[in-house]
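Q: Take this structure first; my questions come after.
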Amino acid sequence: MKPADDAAAESARLRERLSRLSEASRRVNESLDFDSVLQGVLLSARLLTEARYGVITLLDDQGAVQDFQSSGFTAAEARQMWAMPDALRLFEYLDRQETPLRVPDLPTYLRTMGLPKLSAPLPVDSDIPFMAVPVQHRNRPVGHVFVAGKAEGAPFTQEDEETLVIFASQAALVISSAHRHREEQRVRAELDALVDTSPVGTVVFDARAGALVSYNREALRIMDSLRTADEPLERLLEVLTVRREDGHEFHFGDLRVTEAVRTEEIRLQVPDGRQAVVLVNATPIHSDEGAIVSFVATLQDITPLATRIRLRAGFLTALSRQLREPLTSIKGAAAALLNAGAALDPAEAQQFHHIIDGQTDHLQTLIGNLLDVAHIEAGMLSVTLEPADVATLAARAQRAFAGGGGRAAVQLTLPMDLPRVLADPPRIVQVLTHLLFSTAARPPTDAAIQVDVAHEGMYVAIRVADNSVGMPLEPLSRLFHRHSYLDSDEEHDGASLDMAICRGIVEAHGGRMWAESDRAGPGMRFTFSLPVVEEDAARLATSTPQGLPIMAMTRNPHILTHLQDALAQTGYTPLTTGDPEAAVRLATVRKPLLALIDLDLLGTDGFEQVRDLPELARVPVIFVSGQGGDRAVAQALAAGGDDYLIAPFSPTELAARIQVVLRRRQATPAPDPFPAAQYVRGELTIDPARRQVFLAGQPLRLTGIEYRLLSHLAAHAGHLVTHDQLLWHVWGLPAAGGSGRLRTALKTLRRKLGDDASNPTYIFNEPRFGYRMAGSETQEPPVPEADLPSGS
């Protein structure tokens with residue numbers, strides 16, 4: 001061939017080579033999605049070198065493989081390749097090569113270098129040509145591109161190597177850009193999540209039109225409190241009025257911000273009078289030319305705080321009125337004694353002395369109540385627990401009631417075998433006496449008061465009932481709120497304050513207090529519970545725990561500090577953490593007797609991780625929450641909690657609840673002797689050796705309560721298990737101690753199993769009797785049901 005022909009052929013090859021490189025570069029620049037870019041790089045590398053397979057690895061700052069992808073393999077082949085023994089070590093060795101590597105047969109090269117043997121999915125009955133090219137960005141290695149296999153086993157050429165080196169240098173910049181884009185997207189997503197979940201409302205407005213551009217979840221909640229159910233947000237903004245601190249009012253649509261606003265209180269109001277009080281911070285956003293294009297505002301809802309301030313002011317007003325009444329009487333009686341002198345009749349003088357004495361006692365009671373309220377709000381109400389007889393406490397309360405002028409008959413019903421309770425006797429007498437007076441004050445005032453006492457599991461319940469007119473649910477739910485009587489125009493004598501004190505005293509004992517009323521019929525019922533004294537309760541109540549480990553897990557720094565201090569003050573060893581991984585290590589190494597877990601962690605990955613620990617499977621859990629209410633209680637019990645605690649709380653209340661839960665768990669029977677073989681039914685498998693449950697081959701996450709319930713039913717598969725037996729063996733409760741817990745746990749368990757209650761596969765309901773579970777397909781004989789303890 002003539003030199004001119006050779007030059008023309010070489011020129012054609014170069015043009016074709018540049019064309020393929022240009023097409024490859026265009027292909028990898030089509031997207032900034034990281035995975036798409038890597039797949040584009042691999043596809044282009046294979047097309048440029050006519051390779052059958054391709055692999056790309058990317059390194060972190062320490063030189064370890066952090067990302068890898070493959071091309072040309074089927075999904076099964078890719079899984080098989082990455083499952084090869086020492087596969088990662090092989091690629092880490094190849095990634096250390098600083099220059100291109102090209103070999104005619106990969107298995108021979110690996111054997112010569114003493115590297116791990118290559119297995120499927122690559123063919124091993126013929127030579128496997130292989131080539132590796134480093135990917136560098138700004139003279140720093142970021143990974144490698146590997147290609148292998150060529151048509152008919154042909155080796156890779158020098159031209160293939162040069163082409164791949166040129167392409168790798170182009171791809172490095174694209175990979176770096178895609179990696180930076182992925183990091184930017186991750187940071188943006190984290191920032192968006194942070195803003196959206198912030199407890200402070202955030203809104204962005206267009207400065208020119210005043211239109212709402214974006215808002216977070218808290219801002220929407222504030223707006224939802226002002227709009228009707230079906231009212232669009234845009235319609236709300238049209239009628240919303242803004243009132244500033246200086247009294248200036250304007251429509252929301254006229255809102256403009258020309259300079260930064262720092263912590264100003266404003267009122268947002270709708271035409272029907274509803275309003276929200278918020279603290280606002282606003283900052284204008286300027287364009288490059290200096291014009292204001294938008295502004296960002298933060299809204300902190302202080303409506304509850306404003307309401308609380310109003311109620312507190314009303315409370316102080318009512319309290320000052322109550323304090324003024326005995327002072328006025330004392331002042332009047334003292335003035336009469338001083339002005340009359342010796343001319344006053346001795347009988348009249350004695351009467352004035354009685355007034356002073358009685359009103360002084362009344363004044364002392366009011367001041368004592370005020371101090372109790374302060375201690376309850378601070379979680380510092382002190383009680384001294386000791387074993388006490390309920391009959392003695394009730395008798396003392398009856399005497400105090402009669403001595404204080406109570407005229408209604410009190411009918412006391414006590415069971416014969418009633419255990420003693422852990423109580424501070426003067427405090428419980430105070431609670432009972434107030435309930436008697438409160439009940440006697442409702443018409444008809446001459447009706448008998450019924451006091452019933454019952455032993456319910458680990459508690460003694462004391463119920464005070466009358467035949468007065470029932471109370472509607474709305475005021476009944478606010479009965480124990482300290483300021484609830486200020487919401488009405490009626491005159492009050494501080495009854496709600498006394499009720500709040502009573503509940504605070506009972507909760508400091510580790511008990512509960514509630515009120516019930518049949519609106520359609522007569523009668524009010526006040527019930528409170530106290531923990532019972534078991535065989536060793538007296539010793540437990542007067543001795544320190546001597547460093548027994550209790551784990552506390554919360555991400556709230558205030559609750560974490562409070563728990564740590566309270567546990568330390570009561571003699572326990574606090575194992576406190578806000579990190580789920582640290583909680584796993586603590587549970588594994590220290591083996592706590594009990595776990596205190598923040599209710600706000602429900603549904604998070606950290607909670608699931610801690611809940612699934614075998615070390616915590618039978619450890620009792622008390623959920624802690626900064627918010628009260630029936631919903632929080634239901635959440636705690638549905639999640640398998642043994643009890644719940646509302647912050648703030650006193651160290652005494654915490655210690656009392658821990659003792660009650662530990663004693664109740666000690667009284668719970670040992671787990672059933674589960675069959676050695678697995679329980680298998682359809683897609684459900686229970687492995688007792690590993691304490692694991694599988695559904696369709698996947699591990700099923702269950703709480704400790706749910707696992708004990710399922711395992712007990714499975715242990716007696718094919719046989720009826722009564723409600724009473726389940727309550728006793730799973731919770732350690734008698735029949736009257738928690739039927740609601742059983743229904744809640746079964747509902748949650750069925751949902752996790754995908755078991756339709758109307759057409760069940762695993763758990764069958766026997767109305768009015770109990771439940772049974774379908775027999776295991778392994779045909780293991782069921783374990784006989786153990787008898788309930790006597791008296792349950």
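FYI, nothing fancy with the structure tokens labels: chains A, B, ... in order, residues from 1 per chain, ligands from 1 as they appear.
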Need to verify the contact set: Asn369 (chain A), 12 Å, only C-alpha atoms, exclusion of same-chain residues closer than 3 positions in sequence. Can you return it as number ranges by chain?
A: A: 319, 322-323, 362-366, 372-376, 381, 430, 482, 494-502, 504-505
Q: Tell me, as number ranges by chain, which residues lie within 10 Å of Asp192 (chain A), counting only C-alpha atoms; anything in the same chain fewer than 6 positions away does not count.
A: A: 186, 198, 216
Q: Store the residues picked out above in a file with all heavy atoms, as a PDB file, in the first residue's frame.
A:
ATOM      1  N   ARG A 186     -28.593  15.529  48.348  1.00  0.00           N
ATOM      2  CA  ARG A 186     -28.732  14.968  49.692  1.00  0.00           C
ATOM      3  C   ARG A 186     -28.811  16.079  50.735  1.00  0.00           C
ATOM      4  O   ARG A 186     -29.668  16.063  51.622  1.00  0.00           O
ATOM      5  CB  ARG A 186     -27.551  14.054  50.000  1.00  0.00           C
ATOM      6  CG  ARG A 186     -27.604  13.410  51.382  1.00  0.00           C
ATOM      7  CD  ARG A 186     -26.344  12.620  51.669  1.00  0.00           C
ATOM      8  NE  ARG A 186     -25.171  13.468  51.676  1.00  0.00           N
ATOM      9  CZ  ARG A 186     -24.817  14.233  52.722  1.00  0.00           C
ATOM     10  NH1 ARG A 186     -25.552  14.237  53.824  1.00  0.00           N
ATOM     11  NH2 ARG A 186     -23.734  14.968  52.670  1.00  0.00           N
ATOM     12  N   SER A 198     -39.430  21.376  61.432  1.00  0.00           N
ATOM     13  CA  SER A 198     -39.102  22.342  62.485  1.00  0.00           C
ATOM     14  C   SER A 198     -40.350  22.706  63.271  1.00  0.00           C
ATOM     15  O   SER A 198     -41.439  22.861  62.710  1.00  0.00           O
ATOM     16  CB  SER A 198     -38.491  23.597  61.859  1.00  0.00           C
ATOM     17  OG  SER A 198     -38.373  24.623  62.831  1.00  0.00           O
ATOM     18  N   ASN A 216     -43.848  25.420  55.540  1.00  0.00           N
ATOM     19  CA  ASN A 216     -43.562  24.116  56.126  1.00  0.00           C
ATOM     20  C   ASN A 216     -44.762  23.601  56.921  1.00  0.00           C
ATOM     21  O   ASN A 216     -45.825  24.235  56.973  1.00  0.00           O
ATOM     22  CB  ASN A 216     -42.302  24.174  56.998  1.00  0.00           C
ATOM     23  CG  ASN A 216     -42.506  24.957  58.284  1.00  0.00           C
ATOM     24  OD1 ASN A 216     -43.491  25.687  58.424  1.00  0.00           O
ATOM     25  ND2 ASN A 216     -41.600  24.815  59.222  1.00  0.00           N
TER      26      ASN A 216
END
Q: Please report the interatomic distance between CA of Gln351 (chain A) and CA of Ala409 (chain A) in Å with one decimal.
A: 29.4 Å
Q: State, in Å with one decimal place, the distance from CA of Asp389 (chain A) to CA of Arg420 (chain A).
A: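 Between CA of Asp389 (chain A) and CA of Arg420 (chain A) the gap is 4.9 Å.
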Q: When DSSP works through the backbone of this structure, what residues of region 229-440 of chain A end up as helix (DSSP H, G or I), shown as a PyMOL selection string?
A: chain A and resi 233-239+252-254+303-343+346-377+390-403+425-440
Q: Using CA of Val451 (chain A) and CA of Gly405 (chain A) as the two end points, give the distance in Å to one decimal.
A: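 About the pair CA of Val451 (chain A) and CA of Gly405 (chain A): they are 18.5 Å apart.
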Q: So which one's closest to Ser25 (chain A), A:Arg503, A:Gly40, A:Glu289, A:Thr384? Using only C-alpha atoms, please.
A: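 Checking each of A:Arg503, A:Gly40, A:Glu289, A:Thr384 against Ser25 (chain A), counting only C-alpha atoms, the winner is A:Gly40.
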Q: Check the smallest atom-to-atom distance from each of A:Gln569, A:Gln450, A:Ser294, A:Ser758 to Asp206 (chain A) using only C-alpha atoms, then report the winner.
A: A:Ser294
Q: I'd like the neighbourhood of Val621 (chain A) as a ChimeraX atom specification, where a residue qualifies if any of its atoms comes within 9 Å (using only C-alpha atoms), though same-chain residues fewer than 3 positions away should be ignored.
A: /A:594-597,616,640-644,661
Q: Excluding Met223 (chain A) and residues on its chain fewer than 2 positions from it, collect all residues at most 10 Å away from it, counting only C-alpha atoms, and give them as a ChimeraX atom specification.
A: /A:201,217-221,225-228,233,236-237,240,268,275-276
Q: Identify, on the basis of only C-alpha atoms, every residue whose closest approach to Leu684 (chain A) does not exceed 9 Å; exclude the query and any residue fewer than 2 positions from it along the same chain; express the result as a list in words.
A: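 The contact residues come out as Tyr679, Val680, Arg681, Gly682, Ile686, Val693, Phe694, Leu695, Ala696, Gly697, Leu753 and Tyr762 of chain A.
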Q: Grab the residues selected above and save them as a PDB file, in the first residue's frame with N, CA, C and O atoms.
A:
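And here's result_26.pdb as it stands now:
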ATOM      1  N   TYR A 679     -42.735 -23.558  64.838  1.00  0.00           N
ATOM      2  CA  TYR A 679     -44.142 -23.521  64.490  1.00  0.00           C
ATOM      3  C   TYR A 679     -44.225 -23.027  63.043  1.00  0.00           C
ATOM      4  O   TYR A 679     -43.707 -21.959  62.708  1.00  0.00           O
ATOM      5  N   VAL A 680     -44.883 -23.793  62.203  1.00  0.00           N
ATOM      6  CA  VAL A 680     -45.002 -23.438  60.784  1.00  0.00           C
ATOM      7  C   VAL A 680     -46.464 -23.544  60.384  1.00  0.00           C
ATOM      8  O   VAL A 680     -47.116 -24.573  60.612  1.00  0.00           O
ATOM      9  N   ARG A 681     -46.977 -22.475  59.793  1.00  0.00           N
ATOM     10  CA  ARG A 681     -48.355 -22.475  59.290  1.00  0.00           C
ATOM     11  C   ARG A 681     -48.416 -21.526  58.099  1.00  0.00           C
ATOM     12  O   ARG A 681     -48.297 -20.306  58.255  1.00  0.00           O
ATOM     13  N   GLY A 682     -48.554 -22.094  56.900  1.00  0.00           N
ATOM     14  CA  GLY A 682     -48.585 -21.255  55.707  1.00  0.00           C
ATOM     15  C   GLY A 682     -47.299 -20.468  55.579  1.00  0.00           C
ATOM     16  O   GLY A 682     -46.202 -21.039  55.566  1.00  0.00           O
ATOM     17  N   ILE A 686     -42.380 -19.534  63.348  1.00  0.00           N
ATOM     18  CA  ILE A 686     -41.897 -19.037  64.638  1.00  0.00           C
ATOM     19  C   ILE A 686     -40.721 -19.914  65.053  1.00  0.00           C
ATOM     20  O   ILE A 686     -40.863 -21.126  65.200  1.00  0.00           O
ATOM     21  N   VAL A 693     -39.623 -14.403  64.454  1.00  0.00           N
ATOM     22  CA  VAL A 693     -40.827 -14.737  63.705  1.00  0.00           C
ATOM     23  C   VAL A 693     -40.610 -14.321  62.259  1.00  0.00           C
ATOM     24  O   VAL A 693     -40.095 -13.225  61.986  1.00  0.00           O
ATOM     25  N   PHE A 694     -40.970 -15.209  61.330  1.00  0.00           N
ATOM     26  CA  PHE A 694     -40.798 -14.921  59.910  1.00  0.00           C
ATOM     27  C   PHE A 694     -42.150 -15.023  59.220  1.00  0.00           C
ATOM     28  O   PHE A 694     -42.958 -15.901  59.522  1.00  0.00           O
ATOM     29  N   LEU A 695     -42.400 -14.100  58.293  1.00  0.00           N
ATOM     30  CA  LEU A 695     -43.607 -14.107  57.480  1.00  0.00           C
ATOM     31  C   LEU A 695     -43.181 -14.024  56.023  1.00  0.00           C
ATOM     32  O   LEU A 695     -42.511 -13.064  55.618  1.00  0.00           O
ATOM     33  N   ALA A 696     -43.532 -15.058  55.250  1.00  0.00           N
ATOM     34  CA  ALA A 696     -43.123 -15.149  53.841  1.00  0.00           C
ATOM     35  C   ALA A 696     -41.614 -15.074  53.714  1.00  0.00           C
ATOM     36  O   ALA A 696     -41.080 -14.466  52.779  1.00  0.00           O
ATOM     37  N   GLY A 697     -40.897 -15.662  54.672  1.00  0.00           N
ATOM     38  CA  GLY A 697     -39.444 -15.718  54.616  1.00  0.00           C
ATOM     39  C   GLY A 697     -38.750 -14.471  55.118  1.00  0.00           C
ATOM     40  O   GLY A 697     -37.521 -14.450  55.210  1.00  0.00           O
ATOM     41  N   LEU A 753     -49.448  -9.510  60.900  1.00  0.00           N
ATOM     42  CA  LEU A 753     -49.496 -10.833  60.267  1.00  0.00           C
ATOM     43  C   LEU A 753     -50.290 -10.815  58.967  1.00  0.00           C
ATOM     44  O   LEU A 753     -50.276 -11.803  58.221  1.00  0.00           O
ATOM     45  N   TYR A 762     -54.575 -17.423  60.904  1.00  0.00           N
ATOM     46  CA  TYR A 762     -53.744 -17.881  62.017  1.00  0.00           C
ATOM     47  C   TYR A 762     -54.483 -17.819  63.364  1.00  0.00           C
ATOM     48  O   TYR A 762     -54.527 -18.810  64.085  1.00  0.00           O
TER      49      TYR A 762
END
Q: Determine, counting only C-alpha atoms, which protein, DNA and RNA residues have an atom within 9 Å of an atom of Phe167 (chain A); residues of the same chain fewer than 6 positions away are not included. Present the result as number ranges by chain.
A: A: 21, 24-25, 41, 44-45, 48
Q: Compare A:Leu422, A:Leu115, A:Val390, A:Ala440 by their minimum atom-to-atom distance to Val410 (chain A), counting only C-alpha atoms, and give me the closest one.
A: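 Smallest distance to Val410 (chain A) is found for A:Ala440.
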Q: Could I get the residues of region 153-213 of chain A with an atom no further than 8 Å from an atom of region 101-107 of chain A, each paired with its nearest atom pair and that distance in Å to one decimal, using only C-alpha atoms, sorted by chain and residue number, as CSV?
A:
residue,atom,partner,partner_atom,distance
A:Pro155,CA,A:Pro104,CA,5.4
A:Phe156,CA,A:Arg102,CA,7.2
A:Glu161,CA,A:Arg102,CA,7.5
Q: Under the rule that only C-alpha atoms are counted, which of A:Phe649, A:Gln269, A:Asp246, A:Leu305 is the nearest residue to Ser382 (chain A)?
A: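 The closest residue to Ser382 (chain A) is A:Phe649.
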Q: Name the residues of region 279-456 of chain A that fall into strand (DSSP E or B) according to DSSP on the backbone, using the chain letters and numbers of this document, as a ChimeraX atom specification.
A: /A:279-286,292-301,386-388,410-413,421-423,449-456
Q: Atoms to include: C-alpha atoms. Write the selected residues as a short mmCIF file (atom, residue, chain, number, x, y, z; two decimals), in the first residue's frame.
A:
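So out20.cif came out as:
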data_model
loop_
_atom_site.label_atom_id
_atom_site.label_comp_id
_atom_site.auth_asym_id
_atom_site.auth_seq_id
_atom_site.Cartn_x
_atom_site.Cartn_y
_atom_site.Cartn_z
CA LEU A 279 -43.87 35.76 67.12
CA VAL A 280 -42.56 36.80 63.71
CA ASN A 281 -39.04 37.19 62.34
CA ALA A 282 -38.87 38.28 58.68
CA THR A 283 -35.90 38.81 56.36
CA PRO A 284 -36.07 40.25 52.80
CA ILE A 285 -34.16 38.49 50.00
CA HIS A 286 -32.46 40.81 47.50
CA ILE A 292 -36.35 42.77 47.09
CA VAL A 293 -37.61 39.65 45.27
CA SER A 294 -38.94 37.64 48.21
CA PHE A 295 -38.86 37.44 51.96
CA VAL A 296 -38.69 34.61 54.47
CA ALA A 297 -40.66 34.74 57.72
CA THR A 298 -40.61 32.43 60.74
CA LEU A 299 -43.74 32.06 62.85
CA GLN A 300 -43.65 30.80 66.42
CA ASP A 301 -47.13 30.00 67.70
CA GLU A 386 -44.92 3.18 103.49
CA PRO A 387 -47.17 0.10 103.75
CA ALA A 388 -50.62 1.30 104.77
CA VAL A 410 -70.56 7.26 103.86
CA GLN A 411 -70.99 3.58 102.93
CA LEU A 412 -67.61 1.81 102.73
CA THR A 413 -67.23 -1.57 100.99
CA VAL A 421 -50.87 -0.28 99.67
CA LEU A 422 -47.75 1.83 99.31
CA ALA A 423 -48.91 5.26 100.42
CA ILE A 449 -71.74 8.46 99.33
CA GLN A 450 -70.55 5.02 98.23
CA VAL A 451 -66.84 4.18 98.65
CA ASP A 452 -65.83 0.89 97.00
CA VAL A 453 -62.35 -0.64 97.22
CA ALA A 454 -61.15 -3.44 94.94
CA HIS A 455 -57.90 -5.33 94.39
CA GLU A 456 -57.08 -5.08 90.66
#
Q: With only C-alpha atoms as the atoms that count, which of A:Ala566, A:Ala209, A:Leu654, A:Ile550 lies nearest to Leu586 (chain A)?
A: A:Ile550
